[in-house]
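Engineer: Take this structure, written in structure tokens, and hold onto it; I'll ask about it next.
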Amino acid sequence: MSEDIIRPKINLKEQQTIKCEKCESRFFKEVTMLKKVPKLLTGSAEDTIVPFPTYMCNECGHVNEDFELFID
């Protein structure tokens with residue numbers, strides 16, 4: 001059956017390269033934002049820490065708007 005699946009051929013060289021909105025670097029590193037959820041909201045005995053992975057510019061530390069998970 002897997003032979004019947006049509007897979008599009010995508011040339012990644014032709015796709016847009018994401019750049020830092022601040023310094024235009026092309027290099028990012030994965031970072032983790034942590035949210036603390038109070039035990040009263042979850043009904044558990046302790047507060048819960050929830051990780052959210054996102055990306056930050058490797059050169060200047062800026063987080064592009066598309067990578068912002070929550071606006072505080």
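Residues are referred to by chain and number: the chain letter is A, B, ... according to the order shown in the structure tokens, the number counts from 1 in that chain, and ligands are numbered separately from 1 in the order shown.
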For the strand (DSSP E or B) assignment from backbone DSSP, which residues of chain A qualify? Please present them as a ChimeraX atom specification.
Structural biologist: /A:28-37,48-57
Engineer: Could you dump the residues just selected with N, CA and C atoms as an mmCIF file, in the first residue's frame?
Structural biologist:
```cif
data_model
loop_
_atom_site.group_PDB
_atom_site.id
_atom_site.type_symbol
_atom_site.label_atom_id
_atom_site.label_comp_id
_atom_site.auth_asym_id
_atom_site.auth_seq_id
_atom_site.Cartn_x
_atom_site.Cartn_y
_atom_site.Cartn_z
ATOM 1 N N PHE A 28 19.401 29.755 14.534
ATOM 2 C CA PHE A 28 18.562 29.766 15.721
ATOM 3 C C PHE A 28 18.928 28.583 16.609
ATOM 4 N N LYS A 29 18.597 28.711 17.869
ATOM 5 C CA LYS A 29 18.758 27.580 18.779
ATOM 6 C C LYS A 29 17.421 27.336 19.468
ATOM 7 N N GLU A 30 17.178 26.070 19.768
ATOM 8 C CA GLU A 30 15.935 25.721 20.456
ATOM 9 C C GLU A 30 16.069 26.055 21.927
ATOM 10 N N VAL A 31 15.067 26.728 22.459
ATOM 11 C CA VAL A 31 15.015 27.081 23.875
ATOM 12 C C VAL A 31 13.650 26.642 24.410
ATOM 13 N N THR A 32 13.516 26.612 25.701
ATOM 14 C CA THR A 32 12.266 26.158 26.311
ATOM 15 C C THR A 32 11.707 27.238 27.227
ATOM 16 N N MET A 33 10.451 27.590 26.998
ATOM 17 C CA MET A 33 9.730 28.493 27.886
ATOM 18 C C MET A 33 8.960 27.610 28.862
ATOM 19 N N LEU A 34 8.985 27.988 30.137
ATOM 20 C CA LEU A 34 8.288 27.202 31.155
ATOM 21 C C LEU A 34 7.113 27.987 31.717
ATOM 22 N N LYS A 35 5.983 27.319 31.863
ATOM 23 C CA LYS A 35 4.803 27.914 32.489
ATOM 24 C C LYS A 35 4.484 27.105 33.740
ATOM 25 N N LYS A 36 4.126 27.800 34.792
ATOM 26 C CA LYS A 36 3.746 27.135 36.039
ATOM 27 C C LYS A 36 2.227 27.206 36.155
ATOM 28 N N VAL A 37 1.605 26.034 36.267
ATOM 29 C CA VAL A 37 0.154 25.957 36.398
ATOM 30 C C VAL A 37 -0.156 25.633 37.862
ATOM 31 N N THR A 48 2.155 22.447 38.580
ATOM 32 C CA THR A 48 2.703 21.714 37.446
ATOM 33 C C THR A 48 3.536 22.651 36.579
ATOM 34 N N ILE A 49 4.707 22.193 36.163
ATOM 35 C CA ILE A 49 5.559 22.948 35.239
ATOM 36 C C ILE A 49 5.344 22.365 33.851
ATOM 37 N N VAL A 50 4.993 23.246 32.885
ATOM 38 C CA VAL A 50 4.729 22.797 31.519
ATOM 39 C C VAL A 50 5.764 23.437 30.582
ATOM 40 N N PRO A 51 6.567 22.613 29.880
ATOM 41 C CA PRO A 51 7.575 23.157 28.951
ATOM 42 C C PRO A 51 6.986 23.411 27.567
ATOM 43 N N PHE A 52 7.419 24.515 26.941
ATOM 44 C CA PHE A 52 7.024 24.859 25.580
ATOM 45 C C PHE A 52 8.285 25.168 24.766
ATOM 46 N N PRO A 53 8.693 24.280 23.857
ATOM 47 C CA PRO A 53 9.882 24.562 23.049
ATOM 48 C C PRO A 53 9.606 25.648 22.013
ATOM 49 N N THR A 54 10.605 26.492 21.784
ATOM 50 C CA THR A 54 10.528 27.534 20.758
ATOM 51 C C THR A 54 11.951 27.831 20.297
ATOM 52 N N TYR A 55 12.122 28.873 19.487
ATOM 53 C CA TYR A 55 13.444 29.174 18.918
ATOM 54 C C TYR A 55 13.855 30.612 19.190
ATOM 55 N N MET A 56 15.155 30.789 19.437
ATOM 56 C CA MET A 56 15.751 32.092 19.708
ATOM 57 C C MET A 56 16.952 32.279 18.785
ATOM 58 N N CYS A 57 17.163 33.498 18.308
ATOM 59 C CA CYS A 57 18.309 33.801 17.447
ATOM 60 C C CYS A 57 19.601 33.452 18.179
#
```
Engineer: Where does DSSP see alpha helix (DSSP H) in chain A, if you list the residues as an mmCIF file with C-alpha atoms, in the first residue's frame?
Structural biologist:
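Ended up saving to result.cif:
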```
data_model
loop_
_atom_site.group_PDB
_atom_site.id
_atom_site.type_symbol
_atom_site.label_atom_id
_atom_site.label_comp_id
_atom_site.auth_asym_id
_atom_site.auth_seq_id
_atom_site.Cartn_x
_atom_site.Cartn_y
_atom_site.Cartn_z
ATOM 1 C CA LYS A 39 -2.393 23.130 41.648
ATOM 2 C CA LEU A 40 -5.805 24.724 42.165
ATOM 3 C CA LEU A 41 -6.331 24.827 38.388
ATOM 4 C CA THR A 42 -5.184 21.255 37.782
#
```
Engineer: Find the distance between CA of Glu65 (chain A) and CA of Glu24 (chain A) and write it in Å to one decimal.
Structural biologist: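 A separation of 13.5 Å between them.
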